[in-house]
Amino acid sequence: MFWRILGQLFSASRGRLAVALLALASGAAVTTALINLNLDAERKVSGEFRTLGANVIVGQRTNGSSTSELMDDSVMEKLSPTMGNVHGVFAPYLYSVVTVHMNSTGLAKDAQVILAGTWLDQTTQLSPWWKISGDSISNRNDHDHCLIGRAVSAQLGIRPGSQIELIYAYPAGNRTVALKVAGVIDSGGPEDNQVIANLSVVQKLTDLQNRIGFLQISVPGTPVEISNTIAKISAALPDVEVRPVPQIAQAEASLLPRIRGLIFFMVALILVLTSLCVFASMAALAMERRRDVGLMKAIGGSISRIVRIFFTEAAALGLAGALIGYVAGIFLSRWIGQRAFHVAISARPEVFPIVIALMVGVSLAGALPLRLLGRVRPAEILRGE
């Protein structure tokens, strides 16, 4: 009898229950998407920050305001096993000032520029925002090519394919090296005023064999995982200084709590609005069902059983809305992931029971007006009042 009455209630109030179901399903969909996003937010945001370049610097220790000698490049051999399973990218850097000389249409052109020596295959991965006209360099053993910044290109009229000569001045005489320009970099940063060549070429030109200035590393993972990696590198390389890039670390540390706070606020707002919508639908149902409740009481139905029927109806409605909304929320979270992070947000199974519990709770809270049906007097209903 209990389930038969419950089925009759569902069929008799299809319109209003459909409105409540739609509200619950919509709330469940948005809640599922936001909770999925929150669980993946740290990983996705960290991934986005990695596109900004290196987040860890390894350099020689500083004494006060002065900097000691350059590092030995053997530090790179110790770094690789230290990073272990961390799929990070790192590149060494050595800077110097050289003179760029080239002959263009019979006219000699010279200019002093900053020469950067690095692993060009790794540097382009550390700087994905670079726009390179011409060819990039994917072989770190390429000793014949270089990249130049757009400002240097404009100043000297250098184009991809041009031959240039780099001159490094010594007291006893100059050293030179001839390179072919593979491409022109447009980075919007200091690289626009530099010539970037293979590390070994710069070491030989400046007579700084086996020496580097510093290392840049892009460490993937959450802020906690990055801190753990920095600690491991520091322990393995006690003679150098390992530090995060402050701007990236601070921005990442401050952004994640804000995203989480915004997500929790939006979830709370969605739950409140959903509850109000269910409340309004149930209040209207309570007015419609006064006659039914009066007849139930008149034939001996107890208040507790009558209220239990209505709250079972509300719980079933919340469960149905949660199931529909969870499926829709998975697709919504993937859409948000593609639009915001250009990756798919994976479905998290632990979200399902959370959404079920929230929607059933919201539905029961919105069904509180049905408790007023317990005050209905059978005599008044039988008299037609």
# chains A, B, ... in the order shown; residues from 1 in each chain; ligands from 1

$ residues_around --residues "Ala315 (chain A)" --least-positions-apart "3" --cutoff "8 Å" --atoms "only C-alpha atoms" --output "PyMOL selection string"
chain A and resi 311-312+318-319+360-361+363-364

$ write_last_selection --atoms "C-alpha atoms" --output "PDB file, in the first residue's frame"
ATOM      1  CA  PHE A 311       9.561  12.633   2.493  1.00  0.00           C
ATOM      2  CA  THR A 312      10.211   9.350   0.676  1.00  0.00           C
ATOM      3  CA  GLY A 318      16.515  14.011  -5.084  1.00  0.00           C
ATOM      4  CA  LEU A 319      18.052  10.666  -6.034  1.00  0.00           C
ATOM      5  CA  VAL A 360      18.913  14.139  -1.415  1.00  0.00           C
ATOM      6  CA  GLY A 361      19.676  16.550   1.417  1.00  0.00           C
ATOM      7  CA  SER A 363      15.405  17.755  -1.698  1.00  0.00           C
ATOM      8  CA  LEU A 364      14.518  16.863   1.903  1.00  0.00           C
TER       9      LEU A 364
END

$ residues_around --residues "Leu199 (chain A)" --least-positions-apart "5" --cutoff "7 Å" --atoms "only C-alpha atoms" --output "VMD selection string"
chain A and resid 117 to 119

$ residues_around --residues "region 213-225 of chain A" --least-positions-apart "5" --cutoff "6 Å" --atoms "only C-alpha atoms" --output "list in words"
Ser46, Ala54, Asn55, Val56, Ile57, Val58, Gly59, Leu70, Gly88, Val89, Phe90, Ala91, Pro92, Tyr93 and Leu94 of chain A

$ atom_distance --atom1 "CA of Ser74 (chain A)" --atom2 "CA of Arg211 (chain A)"
8.6 Å

$ atom_distance --atom1 "CA of His143 (chain A)" --atom2 "CA of Gln125 (chain A)"
19.3 Å

$ select_by_dssp --residues "region 70-309 of chain A" --states "alpha helix (DSSP H)" --output "PDB file with C-alpha atoms, in the first residue's frame"
ATOM      1  CA  VAL A  75      76.128  19.499 -11.770  1.00  0.00           C
ATOM      2  CA  MET A  76      73.866  18.467 -14.657  1.00  0.00           C
ATOM      3  CA  GLU A  77      75.029  14.856 -14.382  1.00  0.00           C
ATOM      4  CA  LYS A  78      73.973  14.839 -10.723  1.00  0.00           C
ATOM      5  CA  LEU A  79      70.678  16.572 -11.448  1.00  0.00           C
ATOM      6  CA  SER A  80      69.199  13.968 -13.824  1.00  0.00           C
ATOM      7  CA  PRO A  81      69.138  11.020 -11.374  1.00  0.00           C
ATOM      8  CA  THR A  82      68.036  13.329  -8.550  1.00  0.00           C
ATOM      9  CA  MET A  83      64.836  14.274 -10.377  1.00  0.00           C
ATOM     10  CA  LEU A 120      68.411  24.783 -27.724  1.00  0.00           C
ATOM     11  CA  ASP A 121      66.245  21.662 -27.821  1.00  0.00           C
ATOM     12  CA  GLN A 122      65.380  22.095 -24.131  1.00  0.00           C
ATOM     13  CA  THR A 123      65.125  25.871 -24.135  1.00  0.00           C
ATOM     14  CA  THR A 124      62.351  25.855 -26.721  1.00  0.00           C
ATOM     15  CA  GLN A 125      60.401  23.480 -24.433  1.00  0.00           C
ATOM     16  CA  LEU A 126      60.964  25.810 -21.481  1.00  0.00           C
ATOM     17  CA  ARG A 150      63.885  40.044 -33.528  1.00  0.00           C
ATOM     18  CA  ALA A 151      65.544  43.280 -32.274  1.00  0.00           C
ATOM     19  CA  VAL A 152      68.965  42.031 -33.400  1.00  0.00           C
ATOM     20  CA  SER A 153      67.456  40.918 -36.691  1.00  0.00           C
ATOM     21  CA  ALA A 154      65.920  44.346 -37.287  1.00  0.00           C
ATOM     22  CA  GLN A 155      69.091  46.198 -36.268  1.00  0.00           C
ATOM     23  CA  LEU A 156      71.458  44.256 -38.532  1.00  0.00           C
ATOM     24  CA  LEU A 199      76.256  25.817 -24.995  1.00  0.00           C
ATOM     25  CA  SER A 200      79.487  24.138 -26.090  1.00  0.00           C
ATOM     26  CA  VAL A 201      79.983  26.785 -28.807  1.00  0.00           C
ATOM     27  CA  VAL A 202      79.723  29.600 -26.260  1.00  0.00           C
ATOM     28  CA  GLN A 203      81.963  27.773 -23.766  1.00  0.00           C
ATOM     29  CA  LYS A 204      84.662  27.375 -26.391  1.00  0.00           C
ATOM     30  CA  LEU A 205      84.332  30.923 -27.690  1.00  0.00           C
ATOM     31  CA  PRO A 223      53.111  23.298  -5.158  1.00  0.00           C
ATOM     32  CA  VAL A 224      53.720  20.612  -2.530  1.00  0.00           C
ATOM     33  CA  GLU A 225      55.250  18.234  -5.094  1.00  0.00           C
ATOM     34  CA  ILE A 226      57.415  21.040  -6.461  1.00  0.00           C
ATOM     35  CA  SER A 227      58.640  21.867  -2.939  1.00  0.00           C
ATOM     36  CA  ASN A 228      59.501  18.215  -2.368  1.00  0.00           C
ATOM     37  CA  THR A 229      61.466  18.104  -5.630  1.00  0.00           C
ATOM     38  CA  ILE A 230      63.362  21.268  -4.679  1.00  0.00           C
ATOM     39  CA  ALA A 231      64.222  19.682  -1.319  1.00  0.00           C
ATOM     40  CA  LYS A 232      65.529  16.537  -3.061  1.00  0.00           C
ATOM     41  CA  ILE A 233      67.665  18.563  -5.463  1.00  0.00           C
ATOM     42  CA  SER A 234      69.029  20.726  -2.618  1.00  0.00           C
ATOM     43  CA  ALA A 235      69.990  17.613  -0.636  1.00  0.00           C
ATOM     44  CA  ALA A 236      71.752  16.071  -3.638  1.00  0.00           C
ATOM     45  CA  PRO A 246      59.362  33.773  -6.844  1.00  0.00           C
ATOM     46  CA  GLN A 247      56.832  35.312  -9.246  1.00  0.00           C
ATOM     47  CA  ILE A 248      55.532  31.934 -10.464  1.00  0.00           C
ATOM     48  CA  ALA A 249      55.603  30.302  -7.034  1.00  0.00           C
ATOM     49  CA  GLN A 250      53.756  33.196  -5.367  1.00  0.00           C
ATOM     50  CA  ALA A 251      51.174  33.459  -8.148  1.00  0.00           C
ATOM     51  CA  GLU A 252      50.505  29.723  -8.052  1.00  0.00           C
ATOM     52  CA  ALA A 253      50.284  29.663  -4.257  1.00  0.00           C
ATOM     53  CA  SER A 254      47.802  32.556  -4.177  1.00  0.00           C
ATOM     54  CA  LEU A 255      45.688  31.509  -7.159  1.00  0.00           C
ATOM     55  CA  LEU A 256      44.771  27.981  -6.057  1.00  0.00           C
ATOM     56  CA  PRO A 257      43.099  29.003  -2.752  1.00  0.00           C
ATOM     57  CA  ARG A 258      41.129  31.662  -4.618  1.00  0.00           C
ATOM     58  CA  ILE A 259      39.921  29.152  -7.199  1.00  0.00           C
ATOM     59  CA  ARG A 260      38.909  26.724  -4.452  1.00  0.00           C
ATOM     60  CA  GLY A 261      37.120  29.453  -2.510  1.00  0.00           C
ATOM     61  CA  LEU A 262      35.253  30.546  -5.628  1.00  0.00           C
ATOM     62  CA  ILE A 263      34.249  26.959  -6.419  1.00  0.00           C
ATOM     63  CA  PHE A 264      32.955  26.285  -2.890  1.00  0.00           C
ATOM     64  CA  PHE A 265      31.050  29.570  -2.895  1.00  0.00           C
ATOM     65  CA  MET A 266      29.424  28.718  -6.220  1.00  0.00           C
ATOM     66  CA  VAL A 267      28.519  25.196  -5.036  1.00  0.00           C
ATOM     67  CA  ALA A 268      26.928  26.631  -1.891  1.00  0.00           C
ATOM     68  CA  LEU A 269      25.013  29.195  -3.958  1.00  0.00           C
ATOM     69  CA  ILE A 270      23.774  26.529  -6.381  1.00  0.00           C
ATOM     70  CA  LEU A 271      22.593  24.337  -3.485  1.00  0.00           C
ATOM     71  CA  VAL A 272      20.727  27.230  -1.865  1.00  0.00           C
ATOM     72  CA  LEU A 273      19.012  28.202  -5.128  1.00  0.00           C
ATOM     73  CA  THR A 274      18.106  24.580  -5.860  1.00  0.00           C
ATOM     74  CA  SER A 275      16.690  24.184  -2.363  1.00  0.00           C
ATOM     75  CA  LEU A 276      14.576  27.328  -2.779  1.00  0.00           C
ATOM     76  CA  CYS A 277      13.203  26.047  -6.083  1.00  0.00           C
ATOM     77  CA  VAL A 278      12.289  22.688  -4.545  1.00  0.00           C
ATOM     78  CA  PHE A 279      10.836  24.516  -1.523  1.00  0.00           C
ATOM     79  CA  ALA A 280       8.541  26.554  -3.782  1.00  0.00           C
ATOM     80  CA  SER A 281       7.378  23.465  -5.687  1.00  0.00           C
ATOM     81  CA  MET A 282       6.733  21.513  -2.505  1.00  0.00           C
ATOM     82  CA  ALA A 283       4.855  24.410  -0.898  1.00  0.00           C
ATOM     83  CA  ALA A 284       2.506  24.434  -3.881  1.00  0.00           C
ATOM     84  CA  LEU A 285       2.136  20.650  -3.604  1.00  0.00           C
ATOM     85  CA  ALA A 286       1.323  20.957   0.093  1.00  0.00           C
ATOM     86  CA  MET A 287      -1.597  23.240  -0.728  1.00  0.00           C
ATOM     87  CA  GLU A 288      -2.862  20.852  -3.424  1.00  0.00           C
ATOM     88  CA  ARG A 290      -4.612  19.025   1.798  1.00  0.00           C
ATOM     89  CA  ARG A 291      -7.691  17.062   0.671  1.00  0.00           C
ATOM     90  CA  ASP A 292      -5.677  13.842   0.141  1.00  0.00           C
ATOM     91  CA  VAL A 293      -4.089  14.136   3.578  1.00  0.00           C
ATOM     92  CA  GLY A 294      -7.461  14.810   5.207  1.00  0.00           C
ATOM     93  CA  LEU A 295      -8.925  11.662   3.646  1.00  0.00           C
ATOM     94  CA  MET A 296      -5.864   9.618   4.738  1.00  0.00           C
ATOM     95  CA  LYS A 297      -6.326  10.815   8.303  1.00  0.00           C
ATOM     96  CA  ALA A 298     -10.064  10.178   8.188  1.00  0.00           C
ATOM     97  CA  ILE A 303       0.677  11.576  10.801  1.00  0.00           C
ATOM     98  CA  SER A 304       4.120   9.954  10.946  1.00  0.00           C
ATOM     99  CA  ARG A 305       3.292   7.549   8.129  1.00  0.00           C
ATOM    100  CA  ILE A 306       1.764  10.275   5.979  1.00  0.00           C
ATOM    101  CA  VAL A 307       4.808  12.520   6.434  1.00  0.00           C
ATOM    102  CA  ARG A 308       7.099   9.531   5.728  1.00  0.00           C
ATOM    103  CA  ILE A 309       5.352   8.997   2.402  1.00  0.00           C
TER     104      ILE A 309
END

$ closest_residue --among "A:Ile137, A:Asp73, A:Pro244, A:Ile167" --to "Asn210 (chain A)" --atoms "only C-alpha atoms"
A:Asp73

$ closest_residue --among "A:Lys180, A:Lys109, A:Arg61, A:Arg339" --to "Ala197 (chain A)" --atoms "only C-alpha atoms"
A:Lys180

$ residues_around --residues "Ile148 (chain A)" --least-positions-apart "2" --cutoff "7 Å" --atoms "only C-alpha atoms" --output "mmCIF file with C-alpha atoms, in the first residue's frame"
data_model
loop_
_atom_site.group_PDB
_atom_site.id
_atom_site.type_symbol
_atom_site.label_atom_id
_atom_site.label_comp_id
_atom_site.auth_asym_id
_atom_site.auth_seq_id
_atom_site.Cartn_x
_atom_site.Cartn_y
_atom_site.Cartn_z
ATOM 1 C CA CYS A 146 71.980 29.764 -33.841
ATOM 2 C CA ARG A 150 63.885 40.044 -33.528
ATOM 3 C CA VAL A 152 68.965 42.031 -33.400
ATOM 4 C CA SER A 153 67.456 40.918 -36.691
ATOM 5 C CA GLY A 183 65.428 31.309 -37.044
ATOM 6 C CA VAL A 184 64.401 34.645 -35.533
ATOM 7 C CA ILE A 185 62.803 34.663 -32.067
ATOM 8 C CA GLN A 194 70.115 38.154 -27.782
ATOM 9 C CA VAL A 195 71.892 35.655 -29.935
ATOM 10 C CA ILE A 196 71.274 32.109 -28.673
#

$ closest_residue --among "A:Ile164, A:Thr176, A:Trp130, A:Asp142" --to "Pro190 (chain A)" --atoms "only C-alpha atoms"
A:Trp130
